[in-house]
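Undergrad: query_6.pdb (PDB, C-alpha atoms and all ligand atoms) pasted underneath:
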```pdb
MODEL        1
ATOM      1  CA  MET A1117       0.000   0.000   0.000
ATOM      2  CA  PRO A1118       1.446   3.416  -0.917
ATOM      3  CA  LYS A1119       2.450   5.369   2.184
ATOM      4  CA  HIS A1120       0.072   8.283   1.728
ATOM      5  CA  LEU A1121      -2.990   6.032   1.825
ATOM      6  CA  VAL A1122      -4.799   5.919   5.127
ATOM      7  CA  ASN A1123      -5.143   2.595   6.923
ATOM      8  CA  THR A1124      -8.817   1.672   6.553
ATOM      9  CA  SER A1125      -8.438  -1.907   7.761
ATOM     10  CA  LYS A1126      -8.450  -0.739  11.367
ATOM     11  CA  ILE A1127     -12.176  -0.391  11.978
ATOM     12  CA  VAL A1128     -12.791   2.469  14.378
ATOM     13  CA  ILE A1129     -16.571   2.672  14.217
ATOM     14  CA  LYS A1130     -18.617  -0.030  15.921
ATOM     15  CA  PRO A1131     -20.187  -2.054  13.073
ATOM     16  CA  LYS A1132     -23.989  -1.977  12.948
ATOM     17  CA  LYS A1133     -25.632  -5.159  11.724
ATOM     18  CA  SER A1134     -28.779  -3.270  10.735
ATOM     19  CA  LEU A1135     -26.725  -1.276   8.201
ATOM     20  CA  GLY A1136     -25.022  -4.366   6.790
ATOM     21  CA  GLN A1137     -21.668  -3.100   8.023
ATOM     22  CA  ASN A1138     -19.134  -5.778   7.116
ATOM     23  CA  PHE A1139     -16.101  -3.662   6.349
ATOM     24  CA  LEU A1140     -13.510  -4.742   3.833
ATOM     25  CA  ILE A1141     -10.154  -5.131   5.557
ATOM     26  CA  ASP A1142      -8.204  -6.867   2.796
ATOM     27  CA  GLU A1143      -6.169  -4.333   0.833
ATOM     28  CA  ASN A1144      -5.500  -6.725  -2.062
ATOM     29  CA  ILE A1145      -9.219  -7.243  -2.620
ATOM     30  CA  ALA A1146      -9.894  -3.505  -2.349
ATOM     31  CA  ARG A1147      -7.238  -2.847  -5.015
ATOM     32  CA  LYS A1148      -8.550  -5.686  -7.184
ATOM     33  CA  ILE A1149     -12.087  -4.260  -7.118
ATOM     34  CA  VAL A1150     -10.866  -0.786  -8.016
ATOM     35  CA  GLU A1151      -8.635  -2.164 -10.803
ATOM     36  CA  SER A1152     -11.686  -3.891 -12.271
ATOM     37  CA  LEU A1153     -13.361  -0.482 -12.663
ATOM     38  CA  ASN A1154     -10.839   0.520 -15.379
ATOM     39  CA  LEU A1155     -11.011   4.102 -14.160
ATOM     40  CA  THR A1156     -10.040   7.083 -16.272
ATOM     41  CA  LYS A1157      -9.347  10.639 -15.178
ATOM     42  CA  ASP A1158     -12.623  11.885 -16.622
ATOM     43  CA  ASP A1159     -14.791   9.294 -14.861
ATOM     44  CA  VAL A1160     -17.545  10.357 -12.483
ATOM     45  CA  VAL A1161     -18.116   7.668  -9.860
ATOM     46  CA  VAL A1162     -20.871   7.163  -7.317
ATOM     47  CA  GLU A1163     -19.790   4.948  -4.449
ATOM     48  CA  ILE A1164     -22.601   3.374  -2.461
ATOM     49  CA  GLY A1165     -21.835   2.878   1.229
ATOM     50  CA  PRO A1166     -18.149   3.926   1.332
ATOM     51  CA  GLY A1167     -17.842   3.181   5.065
ATOM     52  CA  GLN A1168     -14.369   4.191   6.251
ATOM     53  CA  GLY A1169     -13.099   4.431   2.674
ATOM     54  CA  ALA A1170     -11.622   0.988   1.879
ATOM     55  CA  LEU A1171     -12.400   1.458  -1.833
ATOM     56  CA  THR A1172     -12.695   5.251  -1.872
ATOM     57  CA  LYS A1173      -9.019   5.819  -1.128
ATOM     58  CA  TYR A1174      -7.982   3.858  -4.234
ATOM     59  CA  ILE A1175     -10.588   5.562  -6.427
ATOM     60  CA  VAL A1176     -10.274   9.207  -5.507
ATOM     61  CA  ASP A1177      -6.995  10.064  -7.278
ATOM     62  CA  ASN A1178      -7.942   8.278 -10.465
ATOM     63  CA  VAL A1179     -11.213   9.989 -11.384
ATOM     64  CA  LYS A1180     -12.647  13.411 -12.081
ATOM     65  CA  LYS A1181     -15.167  13.208  -9.261
ATOM     66  CA  ILE A1182     -16.443  10.685  -6.743
ATOM     67  CA  TYR A1183     -19.730  11.060  -4.898
ATOM     68  CA  ALA A1184     -19.744   8.826  -1.826
ATOM     69  CA  VAL A1185     -23.261   8.211  -0.527
ATOM     70  CA  GLU A1186     -23.180   6.909   3.047
ATOM     71  CA  ILE A1187     -26.189   6.620   5.356
ATOM     72  CA  ASP A1188     -24.236   6.323   8.615
ATOM     73  CA  LYS A1189     -23.173   9.696   9.983
ATOM     74  CA  ARG A1190     -20.314   8.119  11.965
ATOM     75  CA  ALA A1191     -18.892   6.469   8.830
ATOM     76  CA  ALA A1192     -19.353   9.663   6.797
ATOM     77  CA  GLU A1193     -17.382  11.606   9.427
ATOM     78  CA  GLU A1194     -14.657   8.968   9.612
ATOM     79  CA  LEU A1195     -14.387   9.033   5.812
ATOM     80  CA  ARG A1196     -14.157  12.822   5.875
ATOM     81  CA  SER A1197     -11.248  12.680   8.321
ATOM     82  CA  ASN A1198      -9.569   9.824   6.401
ATOM     83  CA  ILE A1199      -9.627  11.311   2.910
ATOM     84  CA  SER A1200      -9.348  14.953   2.082
ATOM     85  CA  SER A1201      -9.739  15.718  -1.596
ATOM     86  CA  LYS A1202     -11.654  18.223  -3.695
ATOM     87  CA  LYS A1203     -12.626  15.332  -5.923
ATOM     88  CA  LEU A1204     -14.505  13.599  -3.126
ATOM     89  CA  LYS A1205     -17.994  14.710  -2.172
ATOM     90  CA  ILE A1206     -19.443  12.846   0.799
ATOM     91  CA  ILE A1207     -23.212  12.707   0.892
ATOM     92  CA  ASN A1208     -24.719  11.561   4.187
ATOM     93  CA  GLN A1209     -27.919  10.067   2.796
ATOM     94  CA  ASP A1210     -29.796   6.863   2.076
ATOM     95  CA  ILE A1211     -28.846   5.740  -1.441
ATOM     96  CA  LEU A1212     -32.408   4.568  -2.025
ATOM     97  CA  GLU A1213     -33.666   8.122  -1.588
ATOM     98  CA  PHE A1214     -30.865   9.740  -3.511
ATOM     99  CA  ASP A1215     -31.607  11.241  -6.924
ATOM    100  CA  LEU A1216     -28.716  10.202  -9.167
ATOM    101  CA  SER A1217     -29.979  12.374 -12.005
ATOM    102  CA  ALA A1218     -29.444  15.499  -9.894
ATOM    103  CA  LEU A1219     -25.651  15.054  -9.946
ATOM    104  CA  ASP A1220     -23.609  17.465 -11.992
ATOM    105  CA  THR A1221     -21.737  15.158 -14.387
ATOM    106  CA  GLY A1222     -21.609  17.242 -17.554
ATOM    107  CA  SER A1223     -22.689  14.845 -20.256
ATOM    108  CA  LYS A1224     -20.667  12.024 -18.720
ATOM    109  CA  LYS A1225     -22.388   8.823 -17.637
ATOM    110  CA  LEU A1226     -21.794   7.524 -14.117
ATOM    111  CA  LYS A1227     -19.943   4.481 -12.878
ATOM    112  CA  LEU A1228     -21.553   2.976  -9.783
ATOM    113  CA  VAL A1229     -19.499   0.994  -7.305
ATOM    114  CA  GLY A1230     -20.076  -0.381  -3.866
ATOM    115  CA  ASN A1231     -19.421  -3.006  -1.312
ATOM    116  CA  ILE A1232     -23.064  -2.792  -0.409
ATOM    117  CA  PRO A1233     -25.195  -4.027   2.493
ATOM    118  CA  TYR A1234     -26.478  -7.411   1.328
ATOM    119  CA  HIS A1235     -30.053  -6.861   2.460
ATOM    120  CA  LEU A1236     -30.289  -3.928   0.023
ATOM    121  CA  THR A1237     -28.954  -5.738  -3.045
ATOM    122  CA  SER A1238     -32.267  -5.987  -4.915
ATOM    123  CA  PRO A1239     -33.470  -2.428  -4.187
ATOM    124  CA  ILE A1240     -30.061  -1.043  -5.180
ATOM    125  CA  LEU A1241     -30.053  -3.068  -8.395
ATOM    126  CA  PHE A1242     -33.580  -1.901  -9.205
ATOM    127  CA  LYS A1243     -32.482   1.653  -8.548
ATOM    128  CA  ALA A1244     -29.515   1.259 -10.908
ATOM    129  CA  ILE A1245     -31.852  -0.161 -13.548
ATOM    130  CA  GLU A1246     -34.208   2.784 -13.090
ATOM    131  CA  TYR A1247     -31.297   5.134 -13.869
ATOM    132  CA  HIS A1248     -29.716   2.907 -16.543
ATOM    133  CA  LYS A1249     -29.717   5.704 -19.120
ATOM    134  CA  ILE A1250     -27.189   7.737 -17.105
ATOM    135  CA  ILE A1251     -25.035   4.817 -15.910
ATOM    136  CA  THR A1252     -22.250   3.076 -17.839
ATOM    137  CA  ASN A1253     -21.808   0.213 -15.428
ATOM    138  CA  VAL A1254     -22.312  -0.978 -11.871
ATOM    139  CA  THR A1255     -19.661  -2.916  -9.969
ATOM    140  CA  MET A1256     -20.767  -4.338  -6.661
ATOM    141  CA  MET A1257     -19.757  -6.851  -4.065
ATOM    142  CA  ILE A1258     -22.823  -8.964  -3.370
ATOM    143  CA  GLN A1259     -23.733 -12.333  -1.904
ATOM    144  CA  LYS A1260     -22.575 -15.150  -4.207
ATOM    145  CA  GLU A1261     -26.086 -16.657  -4.444
ATOM    146  CA  VAL A1262     -27.475 -13.351  -5.705
ATOM    147  CA  ALA A1263     -24.613 -12.964  -8.184
ATOM    148  CA  ASP A1264     -25.544 -16.383  -9.557
ATOM    149  CA  ARG A1265     -29.099 -15.150 -10.056
ATOM    150  CA  LEU A1266     -27.957 -12.189 -12.139
ATOM    151  CA  THR A1267     -26.229 -14.401 -14.680
ATOM    152  CA  ALA A1268     -28.680 -17.346 -14.538
ATOM    153  CA  LYS A1269     -30.223 -18.765 -17.696
ATOM    154  CA  PRO A1270     -33.807 -20.033 -18.217
ATOM    155  CA  ASN A1271     -34.836 -23.388 -16.716
ATOM    156  CA  SER A1272     -32.599 -23.011 -13.686
ATOM    157  CA  LYS A1273     -33.562 -22.443 -10.069
ATOM    158  CA  ALA A1274     -31.631 -19.188  -9.919
ATOM    159  CA  TYR A1275     -33.409 -17.685 -12.945
ATOM    160  CA  GLY A1276     -35.871 -14.991 -11.862
ATOM    161  CA  ILE A1277     -36.752 -11.296 -11.876
ATOM    162  CA  LEU A1278     -33.174 -10.174 -11.222
ATOM    163  CA  SER A1279     -31.831 -12.336 -14.061
ATOM    164  CA  VAL A1280     -34.364 -11.118 -16.608
ATOM    165  CA  LEU A1281     -34.171  -7.439 -15.710
ATOM    166  CA  THR A1282     -30.384  -7.200 -15.510
ATOM    167  CA  GLN A1283     -29.960  -9.189 -18.730
ATOM    168  CA  PHE A1284     -32.580  -7.008 -20.443
ATOM    169  CA  TYR A1285     -30.843  -3.768 -19.484
ATOM    170  CA  GLY A1286     -27.242  -4.922 -19.707
ATOM    171  CA  VAL A1287     -24.661  -7.658 -19.518
ATOM    172  CA  PRO A1288     -23.969  -8.992 -16.009
ATOM    173  CA  LYS A1289     -20.693 -10.722 -15.258
ATOM    174  CA  SER A1290     -19.291 -12.361 -12.109
ATOM    175  CA  LEU A1291     -15.702 -11.155 -11.727
ATOM    176  CA  PHE A1292     -14.310 -12.966  -8.663
ATOM    177  CA  LYS A1293     -15.259 -14.465  -5.317
ATOM    178  CA  VAL A1294     -14.300 -12.937  -1.966
ATOM    179  CA  SER A1295     -13.883 -14.948   1.212
ATOM    180  CA  PRO A1296     -15.636 -13.947   4.486
ATOM    181  CA  ASN A1297     -12.121 -13.613   5.979
ATOM    182  CA  CYS A1298     -11.623 -10.379   4.041
ATOM    183  CA  PHE A1299     -14.191  -8.519   6.172
ATOM    184  CA  PHE A1300     -14.700  -7.293   9.688
ATOM    185  CA  PRO A1301     -16.925  -8.602  11.089
ATOM    186  CA  LYS A1302     -16.913 -11.762   8.959
ATOM    187  CA  PRO A1303     -20.203 -12.280   7.090
ATOM    188  CA  LYS A1304     -21.751 -15.756   7.086
ATOM    189  CA  VAL A1305     -21.695 -15.937   3.298
ATOM    190  CA  THR A1306     -19.234 -15.872   0.430
ATOM    191  CA  SER A1307     -19.308 -12.745  -1.685
ATOM    192  CA  THR A1308     -18.837 -12.159  -5.383
ATOM    193  CA  VAL A1309     -17.855  -9.003  -7.194
ATOM    194  CA  VAL A1310     -20.140  -8.491 -10.187
ATOM    195  CA  ARG A1311     -20.288  -5.952 -12.938
ATOM    196  CA  ILE A1312     -23.274  -5.048 -15.053
ATOM    197  CA  ASP A1313     -22.448  -3.161 -18.233
ATOM    198  CA  PHE A1314     -25.614  -1.366 -19.247
ATOM    199  CA  HIS A1315     -26.504  -1.337 -22.940
ATOM    200  CA  HIS A1316     -25.940   2.065 -24.581
ATOM    201  CA  GLN A1317     -29.002   1.290 -26.598
ATOM    202  CA  LEU A1318     -31.458  -1.415 -25.585
ATOM    203  CA  PRO A1319     -31.424  -4.340 -28.030
ATOM    204  CA  PHE A1320     -35.221  -4.485 -27.744
ATOM    205  CA  GLU A1321     -35.893  -0.847 -28.521
ATOM    206  CA  ASN A1322     -39.583  -0.826 -29.254
ATOM    207  CA  VAL A1323     -40.885  -2.785 -26.304
ATOM    208  CA  ASP A1324     -42.759  -0.832 -23.623
ATOM    209  CA  GLU A1325     -40.199  -1.020 -20.791
ATOM    210  CA  LYS A1326     -42.680  -0.296 -18.034
ATOM    211  CA  LEU A1327     -45.032  -3.014 -19.240
ATOM    212  CA  PHE A1328     -42.070  -5.409 -19.640
ATOM    213  CA  ARG A1329     -41.156  -4.908 -15.974
ATOM    214  CA  ILE A1330     -44.791  -5.432 -14.918
ATOM    215  CA  VAL A1331     -45.022  -8.665 -16.928
ATOM    216  CA  VAL A1332     -41.740 -10.000 -15.511
ATOM    217  CA  ARG A1333     -42.591  -9.140 -11.915
ATOM    218  CA  THR A1334     -46.170 -10.420 -12.140
ATOM    219  CA  THR A1335     -45.329 -13.729 -13.750
ATOM    220  CA  PHE A1336     -42.363 -14.495 -11.494
ATOM    221  CA  GLY A1337     -44.591 -13.631  -8.532
ATOM    222  CA  LYS A1338     -46.134 -17.062  -9.266
ATOM    223  CA  ARG A1339     -43.124 -18.803 -10.804
ATOM    224  CA  ARG A1340     -44.451 -22.351 -10.323
ATOM    225  CA  LYS A1341     -47.690 -21.632 -12.207
ATOM    226  CA  THR A1342     -48.261 -21.651 -15.950
ATOM    227  CA  LEU A1343     -48.430 -18.311 -17.729
ATOM    228  CA  LYS A1344     -52.189 -18.730 -18.106
ATOM    229  CA  ASN A1345     -52.484 -18.609 -14.318
ATOM    230  CA  CYS A1346     -49.738 -16.048 -13.787
ATOM    231  CA  LEU A1347     -51.283 -13.509 -16.156
ATOM    232  CA  LYS A1348     -54.475 -13.438 -14.070
ATOM    233  CA  TYR A1349     -52.484 -11.349 -11.590
ATOM    234  CA  LEU A1350     -51.633  -8.559 -14.052
ATOM    235  CA  PRO A1351     -52.487  -5.283 -12.298
ATOM    236  CA  PHE A1352     -55.086  -4.185 -14.875
ATOM    237  CA  ASP A1353     -58.834  -3.995 -15.097
ATOM    238  CA  GLU A1354     -60.467  -7.436 -14.897
ATOM    239  CA  THR A1355     -61.928  -7.262 -18.406
ATOM    240  CA  ILE A1356     -58.565  -6.309 -19.902
ATOM    241  CA  VAL A1357     -56.884  -9.233 -18.137
ATOM    242  CA  LYS A1358     -59.566 -11.664 -19.352
ATOM    243  CA  ASN A1359     -59.208 -10.304 -22.858
ATOM    244  CA  ILE A1360     -55.433 -10.789 -22.764
ATOM    245  CA  ILE A1361     -55.729 -14.405 -21.593
ATOM    246  CA  GLN A1362     -58.382 -15.247 -24.188
ATOM    247  CA  LYS A1363     -56.828 -13.538 -27.179
ATOM    248  CA  ILE A1364     -53.092 -13.796 -26.791
ATOM    249  CA  ASN A1365     -51.274 -15.919 -29.311
ATOM    250  CA  PHE A1366     -48.554 -17.241 -27.008
ATOM    251  CA  PRO A1367     -47.966 -20.692 -25.457
ATOM    252  CA  LEU A1368     -49.609 -20.036 -22.090
ATOM    253  CA  ASN A1369     -48.833 -23.551 -20.883
ATOM    254  CA  LYS A1370     -45.206 -22.469 -20.340
ATOM    255  CA  ARG A1371     -43.918 -21.304 -16.951
ATOM    256  CA  PRO A1372     -42.104 -17.967 -16.483
ATOM    257  CA  GLU A1373     -38.817 -19.678 -15.618
ATOM    258  CA  GLU A1374     -38.793 -21.287 -19.100
ATOM    259  CA  LEU A1375     -38.920 -17.987 -20.997
ATOM    260  CA  SER A1376     -35.815 -16.337 -22.435
ATOM    261  CA  ILE A1377     -35.483 -12.536 -22.377
ATOM    262  CA  ASN A1378     -36.517 -12.500 -26.019
ATOM    263  CA  GLU A1379     -39.659 -14.499 -25.248
ATOM    264  CA  PHE A1380     -40.542 -12.114 -22.416
ATOM    265  CA  VAL A1381     -40.239  -9.278 -24.932
ATOM    266  CA  ILE A1382     -42.541 -11.082 -27.376
ATOM    267  CA  LEU A1383     -45.035 -11.781 -24.578
ATOM    268  CA  THR A1384     -44.960  -8.109 -23.538
ATOM    269  CA  ASP A1385     -45.465  -6.901 -27.119
ATOM    270  CA  LYS A1386     -48.478  -9.165 -27.530
ATOM    271  CA  ILE A1387     -50.006  -8.007 -24.256
ATOM    272  CA  ASP A1388     -49.358  -4.411 -25.313
ATOM    273  CA  GLU A1389     -51.136  -4.948 -28.638
ATOM    274  CA  ILE A1390     -54.218  -6.332 -26.905
ATOM    275  CA  ILE A1391     -54.293  -3.528 -24.326
ATOM    276  CA  LYS A1392     -54.023  -0.867 -27.030
ATOM    277  CA  CYS A1393     -56.417  -2.514 -29.416
ATOM    278  CA  PRO A1394     -58.811  -4.587 -27.298
ATOM    279  CA  ILE A1395     -61.378  -5.394 -30.020
ATOM    280  CA  VAL A1396     -59.648  -7.523 -32.619
TER     281      VAL A1396
HETATM  282  N1  LIG A1401     -17.419   0.193   1.448
HETATM  283  C1  LIG A1401     -17.051  -0.053   2.813
HETATM  284  C2  LIG A1401     -16.052  -1.195   2.862
HETATM  285  O1  LIG A1401     -15.868  -1.830   1.806
HETATM  286  O2  LIG A1401     -15.464  -1.412   3.904
HETATM  287  C3  LIG A1401     -18.265  -0.406   3.683
HETATM  288  C4  LIG A1401     -19.018  -1.641   3.237
HETATM  289  S1  LIG A1401     -20.344  -2.132   4.288
HETATM  290  C5  LIG A1401     -20.635  -3.745   3.625
HETATM  291  C6  LIG A1401     -21.786  -1.293   3.672
HETATM  292  C7  LIG A1401     -21.803   0.212   3.863
HETATM  293  O3  LIG A1401     -23.049   0.721   3.345
HETATM  294  C8  LIG A1401     -21.728   0.683   5.287
HETATM  295  O4  LIG A1401     -20.807   1.715   5.420
HETATM  296  C9  LIG A1401     -23.154   1.161   5.608
HETATM  297  O5  LIG A1401     -23.220   2.152   6.607
HETATM  298  C10 LIG A1401     -23.590   1.679   4.257
HETATM  299  N2  LIG A1401     -25.044   1.701   4.059
HETATM  300  C11 LIG A1401     -25.977   0.859   4.570
HETATM  301  N3  LIG A1401     -27.209   1.170   4.138
HETATM  302  C12 LIG A1401     -27.055   2.242   3.310
HETATM  303  C13 LIG A1401     -27.964   3.053   2.553
HETATM  304  N4  LIG A1401     -29.280   2.788   2.540
HETATM  305  N5  LIG A1401     -27.465   4.084   1.832
HETATM  306  C14 LIG A1401     -26.130   4.345   1.837
HETATM  307  N6  LIG A1401     -25.226   3.631   2.540
HETATM  308  C15 LIG A1401     -25.671   2.595   3.256
ENDMDL
END
```
How does this structure look as structure tokens?
Ligand code: SAM

TA:
Amino acid sequence: MPKHLVNTSKIVIKPKKSLGQNFLIDENIARKIVESLNLTKDDVVVEIGPGQGALTKYIVDNVKKIYAVEIDKRAAEELRSNISSKKLKIINQDILEFDLSALDTGSKKLKLVGNIPYHLTSPILFKAIEYHKIITNVTMMIQKEVADRLTAKPNSKAYGILSVLTQFYGVPKSLFKVSPNCFFPKPKVTSTVVRIDFHHQLPFENVDEKLFRIVVRTTFGKRRKTLKNCLKYLPFDETIVKNIIQKINFPLNKRPEELSINEFVILTDKIDEIIKCPIV
């Protein structure tokens, strides 16, 4: 470790379980994560949950700006005393309430990074997806089981909402595993660092994205049922739902976990057609 970098492996704040505070204390892993970001001097980074700055200290000198969004006031203060740089802006806020589009980035898209609290993995991923148009990629340390879900293919147990949505909006990749020994306190699970590169342009341009998300969420809400049964739960007027089930030209005997992303797009398009033009 270069001399000027602060020692973040000595944890001075008392970790709070409720905030998912398992701090990274392995410098090699911290460097490896930051290397995987392929940072350039004009990058604008948002770090989610910087804690005492295990990753932040390796990022700050290599980017144009880093916004570090940390909910815990104690950690935000510790970070402030650990790293002093004009490039670093510490924001003491809940990432789930933070408006990423309000950041001043010029026309540059953001890179998101974080060793995040595991209980917030899905909401944080959904948030990233919501802002996909202004994000280049997301690199996060998450629970291995969840990482497996992101990259899962149809007809597997791990395939679900997270797989379909992340693979619709981008390309998820598991980079490397991280042992519980690299954290303080040690989590009970193995972690994986994943990256999702968001598409610059969605491959399925014409599909109604909002409806696509509704179809994916509704059908996977009943993943063991056939589509015919799943579609009953679409959050639309009863007559519209009945109309969809009666008229749709799609194999409704399939189950959601059997459908590829492409098939979900086709299903959504067909539902859309019926909603827009109910009397055919
Ligand atoms: N990045 C640091 C590291 O690698 O040592 C800390 C990682 S720790 C697993 C997760 C961090 O996220 C903690 O600092 C915690 O306080 C913060 N955090 C938890 N919930 C948050 C939220 N809703 N918004 C922002 N930060 C949050």

Undergrad: Write out as a PDB file with C-alpha atoms, in the frame of the given file each polymer residue whose atoms come within 6 Å of Ser1295 of chain A, counting all atoms listed in the file; drop sequence neighbours fewer than 2 positions from it.

TA:
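File produced: out.pdb:
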```
ATOM      1  CA  ASN A1297     -12.121 -13.613   5.979  1.00  0.00           C
ATOM      2  CA  CYS A1298     -11.623 -10.379   4.041  1.00  0.00           C
ATOM      3  CA  THR A1306     -19.234 -15.872   0.430  1.00  0.00           C
TER       4      THR A1306
END
```

Undergrad: Neighbouring residues of ligand LIG 1401 (chain A) are defined here as those with any atom at most 8 Å from a ligand atom, counting all atoms listed in the file; list them as a ChimeraX atom specification.

TA: /A:1124,1132,1134-1141,1146,1163-1172,1185-1188,1191,1208-1212,1230-1234,1236,1299

Undergrad: I'd like the neighbourhood of Glu1261 of chain A as an NGL selection string, where a residue qualifies if any of its atoms comes within 10 Å (using only C-alpha atoms), though same-chain residues fewer than 2 positions away should be ignored.

TA: :A and (1258-1259 or 1263-1266 or 1274 or 1305-1308)

Undergrad: Would you export the selected residues with C-alpha atoms as a CSV table (one decimal), in the coordinates of the input, please?

TA:
```
chain,number,residue,atom,x,y,z
A,1258,ILE,CA,-22.8,-9.0,-3.4
A,1259,GLN,CA,-23.7,-12.3,-1.9
A,1263,ALA,CA,-24.6,-13.0,-8.2
A,1264,ASP,CA,-25.5,-16.4,-9.6
A,1265,ARG,CA,-29.1,-15.2,-10.1
A,1266,LEU,CA,-28.0,-12.2,-12.1
A,1274,ALA,CA,-31.6,-19.2,-9.9
A,1305,VAL,CA,-21.7,-15.9,3.3
A,1306,THR,CA,-19.2,-15.9,0.4
A,1307,SER,CA,-19.3,-12.7,-1.7
A,1308,THR,CA,-18.8,-12.2,-5.4
```

Undergrad: Can you work out the spacing between atom CA of Phe1292 of chain A and atom CA of Leu1278 of chain A in Å, to one decimal?

TA: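 Between these atoms lies a distance of 19.2 Å.
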
Undergrad: Out of A:Ile1360, A:Ile1277, A:Val1309, A:Ile1377, which residue has the shortest atom-to-atom distance to Ser1290 of chain A when counting only C-alpha atoms?

TA: A:Val1309
